[in-house]
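Raw target_38.tsv, TSV, C-alpha atoms:
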```tsv
chain	number	residue	atom	x	y	z
K	6	MET	CA	-45.73	17.85	-215.74
K	7	LYS	CA	-48.48	19.50	-217.72
K	8	ASP	CA	-52.18	18.77	-217.43
K	9	ALA	CA	-52.37	18.18	-221.18
K	10	GLU	CA	-50.41	14.95	-220.76
K	11	PHE	CA	-53.44	13.30	-218.98
K	12	PRO	CA	-56.69	12.58	-220.82
K	13	THR	CA	-59.80	14.15	-219.40
K	14	SER	CA	-61.29	10.74	-218.63
K	15	ASP	CA	-58.25	9.87	-216.44
K	16	ARG	CA	-58.40	13.07	-214.46
K	17	TYR	CA	-62.21	13.08	-214.06
K	18	PRO	CA	-63.48	9.47	-214.24
K	19	HIS	CA	-66.92	10.38	-212.89
K	20	GLN	CA	-67.49	12.74	-215.80
K	21	ALA	CA	-66.63	9.95	-218.21
K	22	VAL	CA	-69.19	7.65	-216.57
K	23	MET	CA	-71.84	10.37	-216.83
K	24	GLN	CA	-71.00	10.92	-220.47
K	25	ASP	CA	-71.24	7.18	-221.15
K	26	ASP	CA	-74.63	7.06	-219.43
K	27	GLU	CA	-75.91	9.97	-221.47
K	28	ILE	CA	-74.69	8.33	-224.67
K	29	ASP	CA	-76.36	5.02	-223.72
K	30	LEU	CA	-79.61	6.81	-222.92
K	31	ARG	CA	-79.56	8.60	-226.26
K	32	GLU	CA	-78.85	5.34	-228.01
K	33	LEU	CA	-81.73	3.75	-226.12
K	34	PHE	CA	-84.20	6.35	-227.24
K	35	GLY	CA	-82.73	6.18	-230.71
K	36	ALA	CA	-83.34	2.44	-230.83
K	37	ILE	CA	-86.93	2.94	-229.73
K	38	TRP	CA	-87.41	5.67	-232.32
K	39	ARG	CA	-86.02	3.45	-235.08
K	40	GLY	CA	-88.49	0.75	-234.07
K	41	LYS	CA	-91.40	3.13	-233.63
K	42	TRP	CA	-93.45	1.54	-236.41
K	43	PHE	CA	-93.22	-1.86	-234.79
K	44	VAL	CA	-94.25	-0.36	-231.44
K	45	ILE	CA	-97.18	1.42	-233.05
K	46	ALA	CA	-98.26	-1.71	-234.92
K	47	CYS	CA	-98.04	-3.82	-231.76
K	48	THR	CA	-100.05	-1.24	-229.81
K	49	VAL	CA	-102.74	-1.09	-232.49
K	50	VAL	CA	-103.03	-4.88	-232.68
K	51	PHE	CA	-103.40	-5.23	-228.91
K	52	ALA	CA	-105.90	-2.37	-228.85
K	53	VAL	CA	-108.06	-4.04	-231.51
K	54	VAL	CA	-107.87	-7.41	-229.75
K	55	SER	CA	-108.75	-5.90	-226.38
K	56	VAL	CA	-111.76	-4.11	-227.89
K	57	ALA	CA	-112.89	-7.37	-229.50
K	58	ILE	CA	-112.54	-9.23	-226.19
K	59	ALA	CA	-114.39	-6.50	-224.29
K	60	LEU	CA	-117.27	-6.59	-226.76
K	61	TYR	CA	-117.38	-10.40	-226.77
K	62	LEU	CA	-117.63	-10.82	-222.99
K	63	PRO	CA	-121.27	-11.02	-221.82
K	64	ASN	CA	-122.70	-8.63	-219.25
K	65	ILE	CA	-122.82	-9.81	-215.65
K	66	TYR	CA	-125.39	-8.30	-213.28
K	67	LYS	CA	-125.06	-8.32	-209.50
K	68	SER	CA	-127.97	-8.27	-207.07
K	69	GLU	CA	-127.22	-7.65	-203.39
K	70	VAL	CA	-129.25	-8.06	-200.23
K	71	LEU	CA	-128.26	-6.38	-196.97
K	72	LEU	CA	-128.97	-8.37	-193.82
K	73	ALA	CA	-128.85	-7.67	-190.11
K	74	PRO	CA	-128.29	-10.50	-187.60
K	75	ALA	CA	-131.51	-11.21	-185.73
K	76	GLU	CA	-131.45	-10.69	-181.97
K	77	GLU	CA	-130.10	-13.72	-180.16
K	78	GLN	CA	-132.24	-15.39	-177.58
K	79	GLN	CA	-131.49	-14.35	-174.08
K	80	GLN	CA	-129.12	-16.75	-172.35
K	81	GLY	CA	-129.58	-15.24	-168.91
K	82	GLY	CA	-132.01	-17.98	-167.85
K	83	LEU	CA	-129.54	-20.72	-168.61
K	84	ALA	CA	-126.76	-18.84	-166.86
K	85	GLY	CA	-128.89	-18.54	-163.75
K	86	LEU	CA	-129.76	-22.20	-163.88
K	87	ALA	CA	-126.10	-23.08	-164.23
K	88	GLY	CA	-125.28	-21.21	-161.04
K	89	GLN	CA	-128.21	-22.58	-159.09
K	90	PHE	CA	-128.47	-26.18	-160.28
K	91	GLY	CA	-125.06	-26.89	-161.82
K	92	GLY	CA	-124.34	-29.75	-159.42
K	93	LEU	CA	-127.73	-31.35	-159.82
K	94	ALA	CA	-127.59	-30.98	-163.61
K	95	SER	CA	-124.33	-32.89	-163.68
K	96	LEU	CA	-126.09	-35.81	-162.00
K	97	ALA	CA	-128.52	-35.91	-164.93
K	98	GLY	CA	-125.72	-35.59	-167.49
K	99	ILE	CA	-126.74	-32.06	-168.55
K	100	ASN	CA	-124.15	-29.37	-169.19
K	101	LEU	CA	-125.37	-25.85	-168.48
K	102	SER	CA	-122.02	-24.08	-168.68
K	103	GLY	CA	-121.44	-24.45	-172.44
K	104	GLY	CA	-121.04	-21.21	-174.38
K	105	SER	CA	-123.66	-20.14	-176.88
K	106	THR	CA	-123.03	-20.58	-180.59
K	107	ASP	CA	-122.59	-17.53	-182.79
K	108	LYS	CA	-125.50	-18.15	-185.14
K	109	THR	CA	-124.42	-15.45	-187.59
K	110	ASN	CA	-121.05	-17.06	-188.28
K	111	LEU	CA	-122.64	-20.50	-188.31
K	112	ALA	CA	-125.25	-19.34	-190.84
K	113	LEU	CA	-122.54	-17.89	-193.10
K	114	GLN	CA	-120.71	-21.21	-193.01
K	115	VAL	CA	-123.93	-23.06	-193.82
K	116	LEU	CA	-124.48	-20.66	-196.73
K	117	GLN	CA	-121.18	-21.78	-198.29
K	118	SER	CA	-121.62	-25.45	-197.47
K	119	ARG	CA	-121.93	-28.17	-200.11
K	120	GLU	CA	-125.11	-29.63	-198.67
K	121	PHE	CA	-126.94	-26.29	-198.57
K	122	ILE	CA	-125.91	-25.28	-202.11
K	123	LYS	CA	-126.75	-28.74	-203.45
K	124	THR	CA	-130.20	-28.61	-201.86
K	125	PHE	CA	-130.75	-25.07	-203.13
K	126	ILE	CA	-129.89	-26.02	-206.73
K	127	GLU	CA	-132.16	-29.07	-206.65
K	128	LYS	CA	-135.03	-27.33	-204.88
K	129	HIS	CA	-135.21	-24.38	-207.26
K	130	ASP	CA	-134.10	-26.30	-210.38
K	131	VAL	CA	-131.29	-23.91	-211.34
K	132	LEU	CA	-128.77	-26.46	-212.63
K	133	VAL	CA	-129.49	-25.79	-216.32
K	134	PRO	CA	-129.14	-21.99	-216.24
K	135	LEU	CA	-126.20	-22.27	-213.83
K	136	MET	CA	-124.12	-24.61	-216.00
K	137	ALA	CA	-125.40	-24.09	-219.56
K	138	ALA	CA	-126.10	-20.36	-219.93
K	139	LYS	CA	-123.55	-18.12	-221.67
K	140	GLY	CA	-125.41	-14.82	-221.91
K	141	TRP	CA	-128.70	-12.95	-221.74
K	142	ASN	CA	-130.88	-11.39	-224.44
K	143	ARG	CA	-132.21	-8.10	-223.11
K	144	ASP	CA	-134.87	-7.70	-225.82
K	145	SER	CA	-136.51	-11.07	-225.25
K	146	ASN	CA	-135.48	-11.36	-221.60
K	147	THR	CA	-134.21	-14.89	-222.21
K	148	LEU	CA	-130.97	-16.70	-221.56
K	149	ILE	CA	-128.54	-17.56	-224.34
K	150	TRP	CA	-127.58	-21.23	-224.16
K	151	ASP	CA	-124.26	-22.87	-224.87
K	152	THR	CA	-125.43	-25.56	-227.30
K	153	ASP	CA	-122.16	-27.45	-226.88
K	154	ILE	CA	-123.23	-28.14	-223.30
K	155	TYR	CA	-127.03	-28.27	-223.36
K	156	ASN	CA	-129.69	-28.68	-226.05
K	157	PRO	CA	-132.64	-26.47	-225.07
K	158	GLU	CA	-134.96	-28.09	-227.65
K	159	SER	CA	-134.51	-31.68	-226.49
K	160	LYS	CA	-133.67	-30.57	-222.95
K	161	LYS	CA	-130.67	-32.88	-222.81
K	162	TRP	CA	-127.07	-32.42	-221.74
K	163	VAL	CA	-124.78	-32.89	-224.74
K	164	ARG	CA	-121.37	-31.83	-223.47
K	165	ASP	CA	-118.42	-34.06	-224.33
K	166	VAL	CA	-116.40	-34.83	-221.19
K	167	LYS	CA	-114.06	-37.56	-220.04
K	168	PRO	CA	-114.77	-39.91	-217.11
K	169	PRO	CA	-115.45	-39.61	-214.25
K	170	TYR	CA	-117.50	-36.64	-215.48
K	171	GLN	CA	-120.88	-37.18	-217.13
K	172	PRO	CA	-122.75	-35.09	-219.73
K	173	LYS	CA	-124.98	-33.85	-216.90
K	174	PRO	CA	-122.88	-31.81	-214.43
K	175	SER	CA	-122.50	-33.37	-211.01
K	176	ALA	CA	-123.40	-31.74	-207.70
K	177	GLN	CA	-119.71	-31.05	-207.06
K	178	GLU	CA	-119.30	-29.23	-210.38
K	179	ALA	CA	-122.42	-27.18	-209.74
K	180	TYR	CA	-121.21	-26.32	-206.23
K	181	LYS	CA	-117.84	-25.12	-207.51
K	182	GLU	CA	-119.44	-22.99	-210.22
K	183	PHE	CA	-121.98	-21.49	-207.83
K	184	THR	CA	-119.57	-20.58	-205.02
K	185	LYS	CA	-116.76	-19.43	-207.33
K	186	ASN	CA	-118.61	-17.30	-209.90
K	187	ILE	CA	-122.15	-16.71	-208.61
K	188	LEU	CA	-122.32	-16.36	-204.82
K	189	SER	CA	-120.36	-14.06	-202.55
K	190	SER	CA	-120.95	-12.96	-198.96
K	191	SER	CA	-119.23	-10.61	-196.55
K	192	GLN	CA	-119.73	-9.26	-193.05
K	193	ASP	CA	-118.86	-5.83	-191.73
K	194	LYS	CA	-116.86	-6.43	-188.57
K	195	GLU	CA	-117.85	-3.08	-187.04
K	196	THR	CA	-121.61	-3.12	-187.65
K	197	GLY	CA	-122.15	-6.86	-188.02
K	198	MET	CA	-124.18	-6.29	-191.19
K	199	VAL	CA	-124.01	-9.07	-193.78
K	200	THR	CA	-124.10	-8.60	-197.56
K	201	VAL	CA	-125.04	-11.50	-199.83
K	202	SER	CA	-124.41	-10.97	-203.55
K	203	LEU	CA	-125.51	-12.99	-206.57
K	204	SER	CA	-123.89	-12.38	-209.98
K	205	PHE	CA	-125.45	-13.77	-213.14
K	206	TYR	CA	-126.18	-13.04	-216.79
K	207	SER	CA	-129.87	-12.37	-216.12
K	208	PRO	CA	-130.55	-9.52	-213.66
K	209	ALA	CA	-133.99	-10.93	-212.80
K	210	MET	CA	-132.54	-14.34	-211.98
K	211	ALA	CA	-129.78	-12.78	-209.87
K	212	GLN	CA	-132.43	-10.98	-207.80
K	213	GLN	CA	-134.61	-14.08	-207.51
K	214	TRP	CA	-131.74	-16.33	-206.47
K	215	ALA	CA	-130.58	-13.85	-203.82
K	216	THR	CA	-134.08	-13.71	-202.34
K	217	TRP	CA	-134.39	-17.50	-202.35
K	218	LEU	CA	-131.00	-17.94	-200.71
K	219	VAL	CA	-131.82	-15.74	-197.72
K	220	LYS	CA	-135.21	-17.39	-197.21
K	221	ASP	CA	-133.79	-20.90	-197.47
K	222	LEU	CA	-130.95	-20.05	-195.10
K	223	ASN	CA	-133.35	-18.78	-192.44
K	224	ASP	CA	-135.52	-21.87	-192.91
K	225	VAL	CA	-132.58	-24.27	-192.57
K	226	MET	CA	-131.29	-22.63	-189.41
K	227	ARG	CA	-134.80	-22.52	-187.92
K	228	GLN	CA	-135.42	-26.20	-188.68
K	229	ARG	CA	-132.10	-27.15	-187.07
K	230	ASP	CA	-132.88	-25.33	-183.84
K	231	MET	CA	-136.44	-26.69	-183.76
K	232	ALA	CA	-135.20	-30.25	-184.14
K	233	GLU	CA	-132.61	-29.73	-181.42
K	234	ALA	CA	-135.15	-28.17	-179.06
K	235	LYS	CA	-137.63	-31.04	-179.58
K	236	LYS	CA	-134.94	-33.62	-178.84
K	237	SER	CA	-133.91	-31.69	-175.72
K	238	ILE	CA	-137.50	-31.53	-174.47
K	239	GLN	CA	-137.97	-35.25	-175.02
K	240	TYR	CA	-134.76	-36.00	-173.18
K	241	LEU	CA	-135.69	-33.73	-170.27
K	242	ASP	CA	-139.14	-35.31	-169.99
K	243	ASP	CA	-137.49	-38.71	-169.73
K	244	GLN	CA	-135.17	-37.43	-166.99
K	245	ILE	CA	-138.11	-35.94	-165.07
K	246	SER	CA	-139.91	-39.28	-165.09
K	247	LYS	CA	-136.80	-41.02	-163.73
K	248	THR	CA	-136.05	-38.79	-160.72
K	249	ASN	CA	-137.85	-38.13	-157.46
K	250	LEU	CA	-135.56	-35.35	-156.24
K	251	THR	CA	-137.59	-32.16	-155.90
K	252	ASP	CA	-134.78	-29.73	-156.63
K	253	LEU	CA	-133.62	-31.70	-159.66
K	254	ARG	CA	-137.15	-31.91	-161.04
K	255	ALA	CA	-137.54	-28.15	-160.61
K	256	MET	CA	-134.34	-27.55	-162.51
K	257	LEU	CA	-135.42	-29.92	-165.28
K	258	TYR	CA	-138.79	-28.21	-165.57
K	259	GLN	CA	-137.04	-24.86	-165.99
K	260	LEU	CA	-134.86	-26.36	-168.72
K	261	VAL	CA	-137.99	-27.61	-170.45
K	262	GLU	CA	-139.38	-24.10	-170.24
K	263	GLN	CA	-136.24	-22.65	-171.85
K	264	GLN	CA	-136.37	-25.18	-174.70
K	265	THR	CA	-140.08	-24.53	-175.19
K	266	LYS	CA	-139.34	-20.83	-175.57
K	267	THR	CA	-136.69	-21.66	-178.16
K	268	LEU	CA	-139.17	-23.81	-180.05
K	269	MET	CA	-141.85	-21.12	-179.96
K	270	PHE	CA	-139.38	-18.46	-181.07
K	271	ALA	CA	-138.35	-20.57	-184.06
K	272	GLU	CA	-141.91	-21.35	-185.12
K	273	VAL	CA	-143.25	-17.79	-185.11
K	274	ARG	CA	-140.26	-15.98	-186.61
K	275	ASP	CA	-139.72	-16.19	-190.37
K	276	GLU	CA	-136.50	-14.15	-190.41
K	277	TYR	CA	-134.90	-16.38	-187.85
K	278	VAL	CA	-131.18	-15.65	-188.22
K	279	PHE	CA	-131.09	-12.67	-190.61
K	280	LYS	CA	-133.45	-9.74	-190.96
K	281	THR	CA	-133.61	-8.14	-194.39
K	282	VAL	CA	-132.57	-4.50	-194.18
K	283	ASP	CA	-132.33	-3.83	-197.92
K	284	PRO	CA	-133.89	-6.52	-200.14
K	285	ALA	CA	-132.41	-7.65	-203.43
K	286	ILE	CA	-133.51	-5.71	-206.53
K	287	VAL	CA	-133.27	-6.34	-210.25
K	288	PRO	CA	-130.11	-4.42	-211.26
K	289	GLU	CA	-130.38	-2.08	-214.23
K	290	GLU	CA	-126.66	-1.61	-214.82
K	291	LYS	CA	-124.10	-4.33	-215.41
K	292	ASP	CA	-121.41	-5.06	-212.85
K	293	GLU	CA	-118.97	-6.70	-215.27
K	294	PRO	CA	-117.06	-6.60	-217.55
K	295	LYS	CA	-115.22	-3.28	-217.23
K	296	ARG	CA	-114.88	-2.76	-220.96
K	297	ALA	CA	-113.15	0.61	-220.86
K	298	LEU	CA	-110.57	-0.72	-218.41
K	299	ILE	CA	-109.97	-3.80	-220.56
K	300	CYS	CA	-109.33	-1.62	-223.63
K	301	VAL	CA	-106.97	0.73	-221.80
K	302	LEU	CA	-104.97	-2.07	-220.18
K	303	GLY	CA	-104.80	-4.00	-223.45
K	304	THR	CA	-103.49	-0.96	-225.33
K	305	LEU	CA	-100.88	-0.22	-222.66
K	306	LEU	CA	-99.80	-3.85	-222.64
K	307	GLY	CA	-99.34	-3.79	-226.40
K	308	GLY	CA	-97.20	-0.66	-226.23
K	309	MET	CA	-95.05	-2.04	-223.42
K	310	LEU	CA	-94.47	-5.34	-225.20
K	311	GLY	CA	-93.59	-3.51	-228.41
K	312	VAL	CA	-90.99	-1.35	-226.63
K	313	MET	CA	-89.56	-4.39	-224.82
K	314	TRP	CA	-89.16	-6.31	-228.07
K	315	VAL	CA	-87.42	-3.36	-229.75
K	316	LEU	CA	-84.99	-3.02	-226.83
K	317	ILE	CA	-84.30	-6.76	-226.68
K	318	ARG	CA	-83.56	-6.79	-230.41
K	319	TYR	CA	-81.32	-3.73	-230.02
K	320	PHE	CA	-79.21	-5.30	-227.24
K	321	MET	CA	-78.95	-8.61	-229.08
K	322	ARG	CA	-77.60	-6.83	-232.17
K	323	LYS	CA	-75.26	-4.77	-230.03
K	324	GLU	CA	-73.80	-7.88	-228.44
```

Written as structure tokens, how would this file's structure read?
Amino acid sequence: MKDAEFPTSDRYPHQAVMQDDEIDLRELFGAIWRGKWFVIACTVVFAVVSVAIALYLPNIYKSEVLLAPAEEQQQGGLAGLAGQFGGLASLAGINLSGGSTDKTNLALQVLQSREFIKTFIEKHDVLVPLMAAKGWNRDSNTLIWDTDIYNPESKKWVRDVKPPYQPKPSAQEAYKEFTKNILSSSQDKETGMVTVSLSFYSPAMAQQWATWLVKDLNDVMRQRDMAEAKKSIQYLDDQISKTNLTDLRAMLYQLVEQQTKTLMFAEVRDEYVFKTVDPAIVPEEKDEPKRALICVLGTLLGGMLGVMWVLIRYFMRKE
């Protein structure tokens, strides 16, 4: 039997598959080439829209402050007391074996807490710029207001919202806006250094808010420890007046001494939890938006969508 009796595709099926693939690939590029004007038009439209969006977005400036955790108070005295007077302390209902609290992590949690942010917004009166600003005028160094939310002339909230919301933003709304778009914090696990960042339309306000935040955080943590130390001293004084045991009274006096040191430490130290290593400055360059990146990604997206539409239309017609 001669070879001519069998078609080439029957004798070499893999070659036929390769030929079919090559033909499909050529047809694919041919379909794209036939729809090149649609792809170009789609790319141009997306490029123009992305440029418009990039130019419309307001500048956001970020001010950062670098902090170092302040040295913790020495716990060696309490540890010694626990070993020497642990049994007697238990008689007075005092626990000396409890571990010390990591004040750095606690302070970072307080920084993100609702109560702290609410107090900060009310204390420094930043609700209006936080919720009603939509940009910043560099020439006049003034904020640009969203008049659909706030009327700067009458100083009244005019936004149209449905219940349970009110024209004036609530503390919960302000908290969400502040923690989601304004405030960010991070800690380097190796060095322990903490970075607190404030992003806002006005670079001067971003710097001012960052400075206020660190100061208020140190004040809040100091006031908490001072209140706790005063309560502890009062309690220990009451226990001293109730006991006649010499050893127990000695232990209680040493506890009073430790709490007095804590109280003194809190009163004389302004940077109680965090020491400022690099203070916040007024940024000169914007942090957002990345306009060049927006334009490039928008143009690429337009080209990809144009090619996809041409291929979808090609396969639909082929079917």

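Note that CA of Trp314 (chain K) and CA of Asp29 (chain K) are 17.6 Å apart.
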
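With distances taken over all atoms listed in the file, K:Gly307 is the one residue among K:Pro208, K:Gly307, K:Pro134, K:Gly197 lying closest to Phe51 (chain K).
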
Which one is closest to Arg143 (chain K): K:Val131, K:Tyr61, K:Glu290, K:Ile45? Count only C-alpha atoms.
-> K:Glu290

What's the 9 Å shell around region 261-271 of chain K, counting all atoms listed in the file, without same-chain residues fewer than 5 positions away, as a list in words?
->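 That gives Gln78, Gly82, Leu83, Arg227, Gln228, Asp230, Met231, Ala232, Glu233, Ala234, Lys235, Ser237, Ile238, Gln239, Leu241, Asp242, Met256 and Tyr277 of chain K.
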
Output of the above residues as a PDB file, in the frame of the given file, restricted to C-alpha atoms:
```pdb
ATOM      1  CA  GLN K  78    -132.240 -15.390-177.580  1.00  0.00           C
ATOM      2  CA  GLY K  82    -132.010 -17.980-167.850  1.00  0.00           C
ATOM      3  CA  LEU K  83    -129.540 -20.720-168.610  1.00  0.00           C
ATOM      4  CA  ARG K 227    -134.800 -22.520-187.920  1.00  0.00           C
ATOM      5  CA  GLN K 228    -135.420 -26.200-188.680  1.00  0.00           C
ATOM      6  CA  ASP K 230    -132.880 -25.330-183.840  1.00  0.00           C
ATOM      7  CA  MET K 231    -136.440 -26.690-183.760  1.00  0.00           C
ATOM      8  CA  ALA K 232    -135.200 -30.250-184.140  1.00  0.00           C
ATOM      9  CA  GLU K 233    -132.610 -29.730-181.420  1.00  0.00           C
ATOM     10  CA  ALA K 234    -135.150 -28.170-179.060  1.00  0.00           C
ATOM     11  CA  LYS K 235    -137.630 -31.040-179.580  1.00  0.00           C
ATOM     12  CA  SER K 237    -133.910 -31.690-175.720  1.00  0.00           C
ATOM     13  CA  ILE K 238    -137.500 -31.530-174.470  1.00  0.00           C
ATOM     14  CA  GLN K 239    -137.970 -35.250-175.020  1.00  0.00           C
ATOM     15  CA  LEU K 241    -135.690 -33.730-170.270  1.00  0.00           C
ATOM     16  CA  ASP K 242    -139.140 -35.310-169.990  1.00  0.00           C
ATOM     17  CA  MET K 256    -134.340 -27.550-162.510  1.00  0.00           C
ATOM     18  CA  TYR K 277    -134.900 -16.380-187.850  1.00  0.00           C
TER      19      TYR K 277
END
```

List every protein, DNA or RNA residue that has an atom no more than 12 Å from (-96.6, -3.7, -224.2) in the file's coordinate frame, counting all atoms listed in the file, and report them as a PyMOL selection string.
-> chain K and resi 43-52+301-316

For Asp151 (chain K), which of K:Ala215, K:Met136, K:Lys41, K:Asp165 is the closest residue, counting all atoms listed in the file?
-> K:Met136

Excluding same-chain residues fewer than 6 positions from Gln212 (chain K), what lies within 7 Å of it counting only C-alpha atoms, as a list in words?
-> Ser68, Ala285, Ile286 and Val287 of chain K

Distance of CA of Ile126 (chain K) from CA of Ala176 (chain K), expressed in Å to one decimal place |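 Going from CA of Ala176 (chain K) over to CA of Ile126 (chain K) covers 8.7 Å.
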
Ser202 (chain K) surroundings by all atoms listed in the file, 7 Å radius, close-in-sequence under 6 positions cut, as a list of chain:residue names | K:Lys67, K:Ser68, K:Glu69, K:Val70, K:Leu188, K:Ser189, K:Ser190, K:Ala215

Calculate how many Å separate CA of Leu71 (chain K) from CA of Asp283 (chain K), rounding to one decimal.
->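 If I compute the distance from CA of Leu71 (chain K) to CA of Asp283 (chain K), I get 4.9 Å.
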
Using only the atoms of region 111-116 of chain K listed in the file, plus 4 Å on each side, state the axis-aligned box centre and edge lengths in Å rounded to one decimal, as JSON.
```
{"center_x": -123.0, "center_y": -20.5, "center_z": -192.5, "size_x": 12.5, "size_y": 13.2, "size_z": 16.4}
```

Neighbour list for Leu135 (chain K) as a PyMOL selection string, cut-off 12 Å, all atoms listed in the file, skip fewer than 4 positions in-chain | chain K and resi 125-127+129-131+139-140+148-151+154-155+174+176+178-188+203-207+210-211+214

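Applying the 9 Å criterion to (-128.8, -19.9, -189.5) in file coordinates and using only C-alpha atoms, one obtains the residues Lys108, Thr109, Asn110, Leu111, Ala112, Leu113, Gln114, Val115, Leu116, Leu222, Asn223, Asp224, Val225, Met226, Arg227, Arg229, Asp230, Tyr277, Val278 and Phe279 of chain K.
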
Based on the selection just made, write C-alpha atoms of those residues as a PDB file, keeping the file's coordinate frame.
```
ATOM      1  CA  LYS K 108    -125.500 -18.150-185.140  1.00  0.00           C
ATOM      2  CA  THR K 109    -124.420 -15.450-187.590  1.00  0.00           C
ATOM      3  CA  ASN K 110    -121.050 -17.060-188.280  1.00  0.00           C
ATOM      4  CA  LEU K 111    -122.640 -20.500-188.310  1.00  0.00           C
ATOM      5  CA  ALA K 112    -125.250 -19.340-190.840  1.00  0.00           C
ATOM      6  CA  LEU K 113    -122.540 -17.890-193.100  1.00  0.00           C
ATOM      7  CA  GLN K 114    -120.710 -21.210-193.010  1.00  0.00           C
ATOM      8  CA  VAL K 115    -123.930 -23.060-193.820  1.00  0.00           C
ATOM      9  CA  LEU K 116    -124.480 -20.660-196.730  1.00  0.00           C
ATOM     10  CA  LEU K 222    -130.950 -20.050-195.100  1.00  0.00           C
ATOM     11  CA  ASN K 223    -133.350 -18.780-192.440  1.00  0.00           C
ATOM     12  CA  ASP K 224    -135.520 -21.870-192.910  1.00  0.00           C
ATOM     13  CA  VAL K 225    -132.580 -24.270-192.570  1.00  0.00           C
ATOM     14  CA  MET K 226    -131.290 -22.630-189.410  1.00  0.00           C
ATOM     15  CA  ARG K 227    -134.800 -22.520-187.920  1.00  0.00           C
ATOM     16  CA  ARG K 229    -132.100 -27.150-187.070  1.00  0.00           C
ATOM     17  CA  ASP K 230    -132.880 -25.330-183.840  1.00  0.00           C
ATOM     18  CA  TYR K 277    -134.900 -16.380-187.850  1.00  0.00           C
ATOM     19  CA  VAL K 278    -131.180 -15.650-188.220  1.00  0.00           C
ATOM     20  CA  PHE K 279    -131.090 -12.670-190.610  1.00  0.00           C
TER      21      PHE K 279
END
```

Which one is closest to Lys123 (chain K): K:Ala138, K:Leu33, K:Val282, K:Leu218? Count only C-alpha atoms.
->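 That would be K:Leu218, the residue with the smallest distance to Lys123 (chain K).
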
Kindly output region 150-162 of chain K as an mmCIF file, in the coordinates of the input, after building N, CA and C atoms.
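Saved result, rebuild33.cif, follows:
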```cif
data_model
loop_
_atom_site.group_PDB
_atom_site.id
_atom_site.type_symbol
_atom_site.label_atom_id
_atom_site.label_comp_id
_atom_site.auth_asym_id
_atom_site.auth_seq_id
_atom_site.Cartn_x
_atom_site.Cartn_y
_atom_site.Cartn_z
ATOM 1 N N TRP K 150 -128.118 -19.940 -224.581
ATOM 2 C CA TRP K 150 -127.580 -21.230 -224.160
ATOM 3 C C TRP K 150 -126.316 -21.581 -224.929
ATOM 4 N N ASP K 151 -125.433 -22.289 -224.234
ATOM 5 C CA ASP K 151 -124.260 -22.870 -224.870
ATOM 6 C C ASP K 151 -124.671 -24.239 -225.404
ATOM 7 N N THR K 152 -124.913 -24.321 -226.716
ATOM 8 C CA THR K 152 -125.430 -25.560 -227.300
ATOM 9 C C THR K 152 -124.414 -26.692 -227.303
ATOM 10 N N ASP K 153 -123.150 -26.383 -227.017
ATOM 11 C CA ASP K 153 -122.160 -27.450 -226.880
ATOM 12 C C ASP K 153 -122.279 -28.161 -225.537
ATOM 13 N N ILE K 154 -123.033 -27.555 -224.622
ATOM 14 C CA ILE K 154 -123.230 -28.140 -223.300
ATOM 15 C C ILE K 154 -124.641 -28.675 -223.119
ATOM 16 N N TYR K 155 -125.626 -27.912 -223.610
ATOM 17 C CA TYR K 155 -127.030 -28.270 -223.360
ATOM 18 C C TYR K 155 -127.867 -27.954 -224.587
ATOM 19 N N ASN K 156 -128.760 -28.875 -224.936
ATOM 20 C CA ASN K 156 -129.690 -28.680 -226.050
ATOM 21 C C ASN K 156 -131.032 -28.234 -225.495
ATOM 22 N N PRO K 157 -131.390 -26.950 -225.663
ATOM 23 C CA PRO K 157 -132.640 -26.470 -225.070
ATOM 24 C C PRO K 157 -133.886 -27.063 -225.728
ATOM 25 N N GLU K 158 -133.797 -27.540 -226.969
ATOM 26 C CA GLU K 158 -134.960 -28.090 -227.650
ATOM 27 C C GLU K 158 -135.300 -29.485 -227.120
ATOM 28 N N SER K 159 -134.280 -30.337 -227.030
ATOM 29 C CA SER K 159 -134.510 -31.680 -226.490
ATOM 30 C C SER K 159 -134.376 -31.739 -224.979
ATOM 31 N N LYS K 160 -133.875 -30.652 -224.399
ATOM 32 C CA LYS K 160 -133.670 -30.570 -222.950
ATOM 33 C C LYS K 160 -132.751 -31.684 -222.451
ATOM 34 N N LYS K 161 -131.644 -31.869 -223.177
ATOM 35 C CA LYS K 161 -130.670 -32.880 -222.810
ATOM 36 C C LYS K 161 -129.280 -32.271 -222.750
ATOM 37 N N TRP K 162 -128.455 -32.840 -221.852
ATOM 38 C CA TRP K 162 -127.070 -32.420 -221.740
ATOM 39 C C TRP K 162 -126.265 -33.118 -222.836
#
```
